Amino acid sequence: MWSQEEKKELTSRVKCRSSLIVFALILFLTYLTHFYSFLLFHTIAELFSVVIAFGIFIIGWNTRKNIESSIFLVLGVSLLFVGSIDLIHTLAYSGMNIFEGYDANLPTQLWIAARYLQAGSFLMAFLLMYKKINPNHLVIGYTVISTLLVVLIFNRIFPDCYIEGTGLTPFKIISEYIIIGILAVSIIVLYKNRKELNLTTFRLKIFSILSLIIAEVAFTFYIGVYDLSNLIGHIFKIISFYFIYLAIVQKGFEDPLNTLFTRLKQSEEFIKTALNTQMDTFFVFNPKNGKAIRWNKAFNEISGYTDKEILSMKAPDSYYNQEDLEKAEKAIRNAIETGNTTVQMELITKEGKKIPFEYLGSVIIDDHGDINYIVSVGRNITQRIQAEEEIKSLAKFPSENPNPVLRVSNEIVLYINDAGQKLFNIEVGKKMPPSLNNVVGEVFHTQIIHQIELELNNQFYSFTITPITEKSYLNIYGLNITERILAERRIKNLVSTISHELRTPITVLMMSLDLYRQKKTSLTPELQNYIIETGEKNLSLLKDLSEDILMLSQIDEQKIELNFENYNPLKLLQDMELFFAPFAQEKNITFEINISEDINMKGDIKRIDQVFRILLDNAIKYSHENTIIKIIVIENYKGRFNPKGKNGTLYQFKNSGIGISKDDLPHIFERFYRASNVSETSGTGLGLSIAKDIIELHQGEIFVESKLGNETTFSIFFPRIENF
Ligand code: ATP
Ligand code: MG
């Protein structure tokens, strides 16, 4: 900054110096003319200063609007009038013979009047430097004063300054001293204000006044109109005028530029502060070479790049990925057509972080329609995007609900989620599902929450209908309660089954006891045996049933503790065959056990025995007569019932009988579940669920394959248990 100003000052000094040489040359030539004729010298010298005075006026007048100080306006206007009086003085000079009837007193009076006016004007100009002066008032004032002076002089009212034969009057001499005094005072005033002035113009003004003082001093030595002091006086007067001229030229042309520059600097500072205090990023670049021209602090802070780095980077390529750059290109084309554009892009920071931004872009185009600069103002929209995503996900919330959710008004569906659409087969804008009509009408009427259970598509739903107070719609929340309903039904079934199952043995027991009481005295040993046997059989049935229920409750409460020991499955199955033989014989069923003798297993024998018992009981119960029940045991089994390829043994129980339907197959391991084709046979539906639980406690798995009215196979895989 400073060096630039200094440079300016230097160049202006150089310019000043060259024009000074030209001026000195002209002055010298003017001086030479006095050798030929003093009148010629005087005329040229005065005209020269008059021309300069008029020049000063023209510049001062025309630049009055650009220069804040009124110094040059006052000097310019005053010198127009001073110059005019000097012109009359020149024309009135001895030897010119223009104004008849006047002697050398006239030009001297005019001279003194002009000098008073000039010195007074200098003082006024410096005193009123920063006062606003109306130029028109100034011109009117000077016209009045000058005219008055000229009128006074020509009418011989003005004090005499020169008397032929006697020489200069005391008025003239004293006036010269007064004028010198005024000039000296104006130097002091000027000096006091020197800080407000540009150094060059200050010096030029001082030189000008000093020259004028020298001229005046010379004139105090004035004896005759053609003597040496007169010559020196005139030369210094010209010099004085010239310095003022230089000052006004300097000020008139350079000051407005400086003012303009200062204003520009101020507005630049303002813009800089405004941009740097913004949270939004501001970035201007030249798209032709990718050079960044301007950016604000926010851009540095967010991008993480220093000013130096930004200057060396290519914009916009260095800050965005390819996809975003293509977007930006489209946006720029749009900006050319419409003036500006918005685009969302992700700014890649120095750390490689991606920050979503929304840019407002505009282009600066030259006369040929080419883009000179692209201006972009960017807003970090990370938080906005997060908020939008949250709103979006919240809006999706009910649609993700696996249960039906609806909002209805005036029998029209306002909202329905995917689960609701599937269930009712309706969409938004359609009529409400008819099954809900009554209850919805009721809630609209009473404005009280209602609940309703409905069976739709073989599933059970509970609907809660909530009125939205002061709004004319209802929210309906559905819940699939099929599981609960089925469980409730099974429990109901169980209760009746258990009571039925219990009733049979209890009735038999009671009848036996009754028989015993009646025939106590006449009981034959056969009858006695019969009563005891029946009693024992039914008691054991009751015991089994209560054990089953106890077993399940223990499993549920995880109270079962397994007692692991080695066992021989062949032996276990052979014992079981003996146990079931009487039942099998009834249906003429035979067993076929296929197992190697030396297989040894680890497990809780009592529980494993229970599993085999459940499976063989079913196999006999649900087999046709005259069939074979096959039991196969495969050691180190690696087939489809061992998907994880563990080491272990597979047991298979195959029987031919009523089979299991496709619909029942997935449910037969559920508690109390009995297939629809077994109503003739007694049972609780607990056997398989107990078996499954025991198998799983041994980390095994059970599978079933069956066809209705055909063969049924239960496959059990037990992995080898080492660490029990
Ligand atoms: P219980 O608990 O007294 O044994 P249950 O035999 O009915 O009664 P589960 O043993 O759990 O109960 O068997 C469940 C259902 O699976 C049976 O009711 C029957 O429908 C079906 N089922 C089981 N084994 C066979 C089989 N071998 N053949 C055909 N259906 C079978
Ligand atoms: Mg059973």
# chains A, B, ... in the order shown; residues from 1 in each chain; ligands from 1
$ residues_near_ligand --ligand "ligand 1" --cutoff "8 Å" --atoms "only C-alpha atoms and all ligand atoms" --output "JSON, numbers by chain"
{"A": [614, 615, 616, 617, 618, 619, 620, 621, 622, 623, 654, 655, 656, 657, 658, 659, 660, 664, 665, 668, 669, 670, 671, 672, 673, 674, 675, 676, 677, 678, 681, 682, 683, 684, 685, 686, 687, 688, 689, 690, 706, 711, 712, 713, 714]}
$ residues_around --residues "Gly304 of chain A" --least-positions-apart "5" --cutoff "12 Å" --atoms "only C-alpha atoms" --output "list in words"
Lys297, Ala298, Phe299, Glu309, Ile310, Tyr319, Leu347, Ile348, Thr349, Lys350, Glu351, Gly352, Lys353, Lys354 and Ile355 of chain A
$ select_by_dssp --residues "segment 153-282 of chain A" --states "strand (DSSP E)" --output "number ranges by chain"
A: 162-163, 167-168, 281-282
$ residues_around --residues "segment 531-546 of chain A" --least-positions-apart "2" --cutoff "8 Å" --atoms "only C-alpha atoms" --output "PyMOL selection string"
chain A and resi 502+505-506+508-509+512-513+516+527-529+548-550
$ write_last_selection --atoms "C-alpha atoms" --output "compact mmCIF listing (two decimals), in the first residue's frame"
# COMPACT_ATOMS: atom_id res chain seq x y z
CA LEU A 502 -58.80 -87.95 34.01
CA PRO A 505 -59.45 -93.73 34.80
CA ILE A 506 -61.13 -92.04 37.76
CA VAL A 508 -63.03 -96.93 36.29
CA LEU A 509 -61.33 -96.65 39.69
CA SER A 512 -63.97 -100.90 40.93
CA LEU A 513 -64.07 -99.53 44.45
CA TYR A 516 -65.44 -104.04 46.00
CA LEU A 527 -62.77 -110.74 40.78
CA GLN A 528 -60.40 -109.59 43.49
CA ASN A 529 -57.49 -109.79 41.01
CA ASP A 548 -46.49 -85.32 31.63
CA ILE A 549 -47.94 -82.07 32.88
CA LEU A 550 -45.33 -81.85 35.61
$ closest_residue --among "A:Thr469, A:Ser435, A:Asn563, A:Gln610" --to "ligand 2" --atoms "only C-alpha atoms and all ligand atoms"
A:Gln610
$ closest_residue --among "A:Leu325, A:Ala119, A:Leu231, A:Leu79" --to "Ser49 of chain A" --atoms "only C-alpha atoms"
A:Leu79
$ atom_distance --atom1 "atom CA of Glu483 of chain A" --atom2 "atom CA of Ile498 of chain A"
21.7 Å
$ residues_around --residues "segment 583-593 of chain A" --least-positions-apart "6" --cutoff "7 Å" --atoms "only C-alpha atoms" --output "NGL selection string"
:A and (620 or 625-632)
$ write_last_selection --atoms "N, CA and C atoms" --output "PDB file, in the first residue's frame"
ATOM      1  N   ILE A 620     -47.609 -97.042  17.333  1.00  0.00           N
ATOM      2  CA  ILE A 620     -48.604 -98.111  17.471  1.00  0.00           C
ATOM      3  C   ILE A 620     -50.013 -97.532  17.351  1.00  0.00           C
ATOM      4  N   GLU A 625     -53.559-101.845  11.168  1.00  0.00           N
ATOM      5  CA  GLU A 625     -53.328-103.219  11.649  1.00  0.00           C
ATOM      6  C   GLU A 625     -52.435-103.960  10.664  1.00  0.00           C
ATOM      7  N   ASN A 626     -51.777-105.003  11.154  1.00  0.00           N
ATOM      8  CA  ASN A 626     -50.914-105.870  10.340  1.00  0.00           C
ATOM      9  C   ASN A 626     -49.783-105.111   9.632  1.00  0.00           C
ATOM     10  N   THR A 627     -49.218-104.171  10.323  1.00  0.00           N
ATOM     11  CA  THR A 627     -48.089-103.443   9.692  1.00  0.00           C
ATOM     12  C   THR A 627     -46.816-103.666  10.498  1.00  0.00           C
ATOM     13  N   ILE A 628     -45.693-103.110   9.955  1.00  0.00           N
ATOM     14  CA  ILE A 628     -44.392-103.269  10.639  1.00  0.00           C
ATOM     15  C   ILE A 628     -43.904-101.887  11.078  1.00  0.00           C
ATOM     16  N   ILE A 629     -43.425-101.849  12.315  1.00  0.00           N
ATOM     17  CA  ILE A 629     -42.784-100.608  12.773  1.00  0.00           C
ATOM     18  C   ILE A 629     -41.285-100.833  12.687  1.00  0.00           C
ATOM     19  N   LYS A 630     -40.593 -99.928  11.907  1.00  0.00           N
ATOM     20  CA  LYS A 630     -39.149-100.117  11.709  1.00  0.00           C
ATOM     21  C   LYS A 630     -38.381 -99.093  12.533  1.00  0.00           C
ATOM     22  N   ILE A 631     -37.354 -99.597  13.221  1.00  0.00           N
ATOM     23  CA  ILE A 631     -36.482 -98.679  13.964  1.00  0.00           C
ATOM     24  C   ILE A 631     -35.078 -98.834  13.411  1.00  0.00           C
ATOM     25  N   ILE A 632     -34.522 -97.729  12.906  1.00  0.00           N
ATOM     26  CA  ILE A 632     -33.176 -97.778  12.299  1.00  0.00           C
ATOM     27  C   ILE A 632     -32.275 -96.847  13.089  1.00  0.00           C
TER      28      ILE A 632
END
$ atom_distance --atom1 "atom CA of Leu562 of chain A" --atom2 "atom CA of Glu547 of chain A"
16.3 Å
$ atom_distance --atom1 "atom CA of Phe460 of chain A" --atom2 "atom CA of Leu479 of chain A"
8.4 Å
$ closest_residue --among "A:Phe241, A:Trp61, A:Tyr142, A:Tyr477" --to "Leu73 of chain A" --atoms "only C-alpha atoms"
A:Trp61
$ residues_around --residues "Asp324 of chain A" --least-positions-apart "2" --cutoff "12 Å" --atoms "only C-alpha atoms" --output "list in words"
Pro316, Asp317, Ser318, Tyr319, Tyr320, Asn321, Gln322, Glu326, Lys327, Ala328, Glu329, Lys330, Ala331, Val343, Gln344, Met345, Glu346, Leu347, Ile348, Lys354, Pro356, Phe357, Glu358 and Tyr359 of chain A
$ write_last_selection --atoms "N, CA and C atoms" --output "PDB file, in the first residue's frame"
ATOM      1  N   PRO A 316     -13.705 -25.813 -10.000  1.00  0.00           N
ATOM      2  CA  PRO A 316     -14.197 -26.463  -8.780  1.00  0.00           C
ATOM      3  C   PRO A 316     -13.662 -27.905  -8.641  1.00  0.00           C
ATOM      4  N   ASP A 317     -12.888 -28.385  -9.639  1.00  0.00           N
ATOM      5  CA  ASP A 317     -12.499 -29.810  -9.691  1.00  0.00           C
ATOM      6  C   ASP A 317     -11.881 -30.362  -8.406  1.00  0.00           C
ATOM      7  N   SER A 318     -11.059 -29.526  -7.730  1.00  0.00           N
ATOM      8  CA  SER A 318     -10.335 -30.051  -6.564  1.00  0.00           C
ATOM      9  C   SER A 318     -11.231 -30.267  -5.355  1.00  0.00           C
ATOM     10  N   TYR A 319     -12.445 -29.741  -5.399  1.00  0.00           N
ATOM     11  CA  TYR A 319     -13.268 -29.772  -4.190  1.00  0.00           C
ATOM     12  C   TYR A 319     -14.457 -30.730  -4.259  1.00  0.00           C
ATOM     13  N   TYR A 320     -14.706 -31.340  -5.449  1.00  0.00           N
ATOM     14  CA  TYR A 320     -15.922 -32.162  -5.585  1.00  0.00           C
ATOM     15  C   TYR A 320     -15.619 -33.426  -6.368  1.00  0.00           C
ATOM     16  N   ASN A 321     -16.495 -34.427  -6.239  1.00  0.00           N
ATOM     17  CA  ASN A 321     -16.295 -35.633  -7.023  1.00  0.00           C
ATOM     18  C   ASN A 321     -16.940 -35.477  -8.402  1.00  0.00           C
ATOM     19  N   GLN A 322     -16.650 -36.425  -9.293  1.00  0.00           N
ATOM     20  CA  GLN A 322     -17.054 -36.315 -10.690  1.00  0.00           C
ATOM     21  C   GLN A 322     -18.554 -36.113 -10.846  1.00  0.00           C
ATOM     22  N   GLU A 326     -20.511 -32.853 -12.620  1.00  0.00           N
ATOM     23  CA  GLU A 326     -21.465 -32.890 -13.738  1.00  0.00           C
ATOM     24  C   GLU A 326     -22.733 -32.123 -13.370  1.00  0.00           C
ATOM     25  N   LYS A 327     -23.153 -32.290 -12.120  1.00  0.00           N
ATOM     26  CA  LYS A 327     -24.323 -31.554 -11.616  1.00  0.00           C
ATOM     27  C   LYS A 327     -24.065 -30.056 -11.708  1.00  0.00           C
ATOM     28  N   ALA A 328     -22.839 -29.661 -11.297  1.00  0.00           N
ATOM     29  CA  ALA A 328     -22.476 -28.246 -11.273  1.00  0.00           C
ATOM     30  C   ALA A 328     -22.514 -27.664 -12.678  1.00  0.00           C
ATOM     31  N   GLU A 329     -22.042 -28.465 -13.645  1.00  0.00           N
ATOM     32  CA  GLU A 329     -22.016 -27.988 -15.023  1.00  0.00           C
ATOM     33  C   GLU A 329     -23.421 -27.670 -15.515  1.00  0.00           C
ATOM     34  N   LYS A 330     -24.337 -28.551 -15.182  1.00  0.00           N
ATOM     35  CA  LYS A 330     -25.743 -28.345 -15.559  1.00  0.00           C
ATOM     36  C   LYS A 330     -26.264 -27.072 -14.916  1.00  0.00           C
ATOM     37  N   ALA A 331     -25.922 -26.899 -13.621  1.00  0.00           N
ATOM     38  CA  ALA A 331     -26.395 -25.739 -12.872  1.00  0.00           C
ATOM     39  C   ALA A 331     -25.855 -24.450 -13.483  1.00  0.00           C
ATOM     40  N   VAL A 343     -27.757 -25.506  -6.415  1.00  0.00           N
ATOM     41  CA  VAL A 343     -27.344 -26.889  -6.634  1.00  0.00           C
ATOM     42  C   VAL A 343     -26.801 -27.464  -5.317  1.00  0.00           C
ATOM     43  N   GLN A 344     -27.085 -28.762  -5.104  1.00  0.00           N
ATOM     44  CA  GLN A 344     -26.574 -29.403  -3.888  1.00  0.00           C
ATOM     45  C   GLN A 344     -25.382 -30.263  -4.250  1.00  0.00           C
ATOM     46  N   MET A 345     -24.270 -30.048  -3.550  1.00  0.00           N
ATOM     47  CA  MET A 345     -23.054 -30.809  -3.819  1.00  0.00           C
ATOM     48  C   MET A 345     -22.348 -31.105  -2.509  1.00  0.00           C
ATOM     49  N   GLU A 346     -21.432 -32.095  -2.573  1.00  0.00           N
ATOM     50  CA  GLU A 346     -20.697 -32.418  -1.349  1.00  0.00           C
ATOM     51  C   GLU A 346     -19.274 -31.895  -1.449  1.00  0.00           C
ATOM     52  N   LEU A 347     -18.942 -30.962  -0.565  1.00  0.00           N
ATOM     53  CA  LEU A 347     -17.603 -30.384  -0.537  1.00  0.00           C
ATOM     54  C   LEU A 347     -16.656 -31.399   0.105  1.00  0.00           C
ATOM     55  N   ILE A 348     -15.555 -31.710  -0.605  1.00  0.00           N
ATOM     56  CA  ILE A 348     -14.585 -32.646  -0.026  1.00  0.00           C
ATOM     57  C   ILE A 348     -13.495 -31.819   0.652  1.00  0.00           C
ATOM     58  N   LYS A 354     -16.711 -35.461   3.599  1.00  0.00           N
ATOM     59  CA  LYS A 354     -17.664 -34.917   2.616  1.00  0.00           C
ATOM     60  C   LYS A 354     -18.745 -34.152   3.363  1.00  0.00           C
ATOM     61  N   PRO A 356     -22.240 -31.948   2.916  1.00  0.00           N
ATOM     62  CA  PRO A 356     -23.261 -31.537   1.952  1.00  0.00           C
ATOM     63  C   PRO A 356     -23.496 -30.023   2.001  1.00  0.00           C
ATOM     64  N   PHE A 357     -23.514 -29.408   0.821  1.00  0.00           N
ATOM     65  CA  PHE A 357     -23.699 -27.960   0.711  1.00  0.00           C
ATOM     66  C   PHE A 357     -24.804 -27.644  -0.283  1.00  0.00           C
ATOM     67  N   GLU A 358     -25.497 -26.556  -0.019  1.00  0.00           N
ATOM     68  CA  GLU A 358     -26.427 -26.049  -1.040  1.00  0.00           C
ATOM     69  C   GLU A 358     -25.831 -24.738  -1.535  1.00  0.00           C
ATOM     70  N   TYR A 359     -25.608 -24.664  -2.847  1.00  0.00           N
ATOM     71  CA  TYR A 359     -24.966 -23.480  -3.404  1.00  0.00           C
ATOM     72  C   TYR A 359     -25.959 -22.630  -4.168  1.00  0.00           C
TER      73      TYR A 359
END
$ closest_residue --among "A:Ser715, A:Glu323, A:Arg613, A:Lys422" --to "ligand 2" --atoms "only C-alpha atoms and all ligand atoms"
A:Arg613
$ decode --residues "segment 55-76 of chain A" --atoms "N, CA, C and O atoms" --output "PDB file, in the first residue's frame"
ATOM      1  N   GLY A  55      -6.280  29.807 -16.293  1.00  0.00           N
ATOM      2  CA  GLY A  55      -6.156  28.333 -16.311  1.00  0.00           C
ATOM      3  C   GLY A  55      -6.508  27.746 -14.954  1.00  0.00           C
ATOM      4  O   GLY A  55      -7.235  26.751 -14.853  1.00  0.00           O
ATOM      5  N   ILE A  56      -5.992  28.414 -13.908  1.00  0.00           N
ATOM      6  CA  ILE A  56      -6.271  27.926 -12.549  1.00  0.00           C
ATOM      7  C   ILE A  56      -7.776  27.963 -12.297  1.00  0.00           C
ATOM      8  O   ILE A  56      -8.359  27.017 -11.749  1.00  0.00           O
ATOM      9  N   PHE A  57      -8.400  29.070 -12.766  1.00  0.00           N
ATOM     10  CA  PHE A  57      -9.852  29.172 -12.568  1.00  0.00           C
ATOM     11  C   PHE A  57     -10.574  28.015 -13.261  1.00  0.00           C
ATOM     12  O   PHE A  57     -11.434  27.348 -12.667  1.00  0.00           O
ATOM     13  N   ILE A  58     -10.193  27.772 -14.517  1.00  0.00           N
ATOM     14  CA  ILE A  58     -10.900  26.730 -15.289  1.00  0.00           C
ATOM     15  C   ILE A  58     -10.789  25.363 -14.587  1.00  0.00           C
ATOM     16  O   ILE A  58     -11.780  24.660 -14.399  1.00  0.00           O
ATOM     17  N   ILE A  59      -9.573  25.054 -14.144  1.00  0.00           N
ATOM     18  CA  ILE A  59      -9.400  23.750 -13.487  1.00  0.00           C
ATOM     19  C   ILE A  59     -10.141  23.718 -12.146  1.00  0.00           C
ATOM     20  O   ILE A  59     -10.884  22.787 -11.844  1.00  0.00           O
ATOM     21  N   GLY A  60      -9.926  24.805 -11.367  1.00  0.00           N
ATOM     22  CA  GLY A  60     -10.570  24.862 -10.041  1.00  0.00           C
ATOM     23  C   GLY A  60     -12.076  24.770 -10.143  1.00  0.00           C
ATOM     24  O   GLY A  60     -12.740  24.076  -9.363  1.00  0.00           O
ATOM     25  N   TRP A  61     -12.634  25.436 -11.142  1.00  0.00           N
ATOM     26  CA  TRP A  61     -14.094  25.446 -11.328  1.00  0.00           C
ATOM     27  C   TRP A  61     -14.616  24.064 -11.745  1.00  0.00           C
ATOM     28  O   TRP A  61     -15.596  23.572 -11.216  1.00  0.00           O
ATOM     29  N   ASN A  62     -13.914  23.478 -12.685  1.00  0.00           N
ATOM     30  CA  ASN A  62     -14.399  22.189 -13.213  1.00  0.00           C
ATOM     31  C   ASN A  62     -14.179  20.999 -12.274  1.00  0.00           C
ATOM     32  O   ASN A  62     -14.836  19.984 -12.416  1.00  0.00           O
ATOM     33  N   THR A  63     -13.227  21.152 -11.371  1.00  0.00           N
ATOM     34  CA  THR A  63     -12.990  20.010 -10.475  1.00  0.00           C
ATOM     35  C   THR A  63     -13.617  20.250  -9.100  1.00  0.00           C
ATOM     36  O   THR A  63     -13.382  19.490  -8.180  1.00  0.00           O
ATOM     37  N   ARG A  64     -14.422  21.291  -8.985  1.00  0.00           N
ATOM     38  CA  ARG A  64     -14.960  21.647  -7.666  1.00  0.00           C
ATOM     39  C   ARG A  64     -15.796  20.527  -7.048  1.00  0.00           C
ATOM     40  O   ARG A  64     -15.868  20.401  -5.825  1.00  0.00           O
ATOM     41  N   LYS A  65     -16.417  19.727  -7.917  1.00  0.00           N
ATOM     42  CA  LYS A  65     -17.273  18.656  -7.373  1.00  0.00           C
ATOM     43  C   LYS A  65     -16.455  17.470  -6.867  1.00  0.00           C
ATOM     44  O   LYS A  65     -16.904  16.703  -6.030  1.00  0.00           O
ATOM     45  N   ASN A  66     -15.262  17.304  -7.449  1.00  0.00           N
ATOM     46  CA  ASN A  66     -14.456  16.141  -7.068  1.00  0.00           C
ATOM     47  C   ASN A  66     -13.607  16.387  -5.839  1.00  0.00           C
ATOM     48  O   ASN A  66     -13.176  15.461  -5.187  1.00  0.00           O
ATOM     49  N   ILE A  67     -13.315  17.677  -5.605  1.00  0.00           N
ATOM     50  CA  ILE A  67     -12.401  17.969  -4.501  1.00  0.00           C
ATOM     51  C   ILE A  67     -13.213  18.385  -3.291  1.00  0.00           C
ATOM     52  O   ILE A  67     -14.049  19.291  -3.370  1.00  0.00           O
ATOM     53  N   GLU A  68     -12.955  17.664  -2.206  1.00  0.00           N
ATOM     54  CA  GLU A  68     -13.747  17.951  -1.020  1.00  0.00           C
ATOM     55  C   GLU A  68     -13.394  19.312  -0.420  1.00  0.00           C
ATOM     56  O   GLU A  68     -14.255  20.050   0.020  1.00  0.00           O
ATOM     57  N   SER A  69     -12.086  19.642  -0.417  1.00  0.00           N
ATOM     58  CA  SER A  69     -11.672  20.923   0.165  1.00  0.00           C
ATOM     59  C   SER A  69     -12.078  22.060  -0.779  1.00  0.00           C
ATOM     60  O   SER A  69     -11.987  21.938  -1.997  1.00  0.00           O
ATOM     61  N   SER A  70     -12.477  23.218  -0.197  1.00  0.00           N
ATOM     62  CA  SER A  70     -12.921  24.326  -1.064  1.00  0.00           C
ATOM     63  C   SER A  70     -11.757  25.252  -1.395  1.00  0.00           C
ATOM     64  O   SER A  70     -11.937  26.275  -2.024  1.00  0.00           O
ATOM     65  N   ILE A  71     -10.551  24.857  -0.966  1.00  0.00           N
ATOM     66  CA  ILE A  71      -9.358  25.692  -1.154  1.00  0.00           C
ATOM     67  C   ILE A  71      -9.152  26.111  -2.617  1.00  0.00           C
ATOM     68  O   ILE A  71      -8.889  27.258  -2.934  1.00  0.00           O
ATOM     69  N   PHE A  72      -9.327  25.113  -3.526  1.00  0.00           N
ATOM     70  CA  PHE A  72      -9.043  25.411  -4.938  1.00  0.00           C
ATOM     71  C   PHE A  72     -10.173  26.152  -5.615  1.00  0.00           C
ATOM     72  O   PHE A  72      -9.949  26.853  -6.594  1.00  0.00           O
ATOM     73  N   LEU A  73     -11.357  25.982  -5.077  1.00  0.00           N
ATOM     74  CA  LEU A  73     -12.479  26.737  -5.632  1.00  0.00           C
ATOM     75  C   LEU A  73     -12.246  28.226  -5.346  1.00  0.00           C
ATOM     76  O   LEU A  73     -12.342  29.065  -6.247  1.00  0.00           O
ATOM     77  N   VAL A  74     -11.893  28.535  -4.084  1.00  0.00           N
ATOM     78  CA  VAL A  74     -11.664  29.941  -3.706  1.00  0.00           C
ATOM     79  C   VAL A  74     -10.483  30.506  -4.505  1.00  0.00           C
ATOM     80  O   VAL A  74     -10.568  31.596  -5.080  1.00  0.00           O
ATOM     81  N   LEU A  75      -9.372  29.718  -4.577  1.00  0.00           N
ATOM     82  CA  LEU A  75      -8.198  30.194  -5.319  1.00  0.00           C
ATOM     83  C   LEU A  75      -8.532  30.416  -6.791  1.00  0.00           C
ATOM     84  O   LEU A  75      -8.168  31.436  -7.378  1.00  0.00           O
ATOM     85  N   GLY A  76      -9.246  29.452  -7.382  1.00  0.00           N
ATOM     86  CA  GLY A  76      -9.594  29.524  -8.807  1.00  0.00           C
ATOM     87  C   GLY A  76     -10.438  30.755  -9.099  1.00  0.00           C
ATOM     88  O   GLY A  76     -10.099  31.571  -9.980  1.00  0.00           O
TER      89      GLY A  76
END
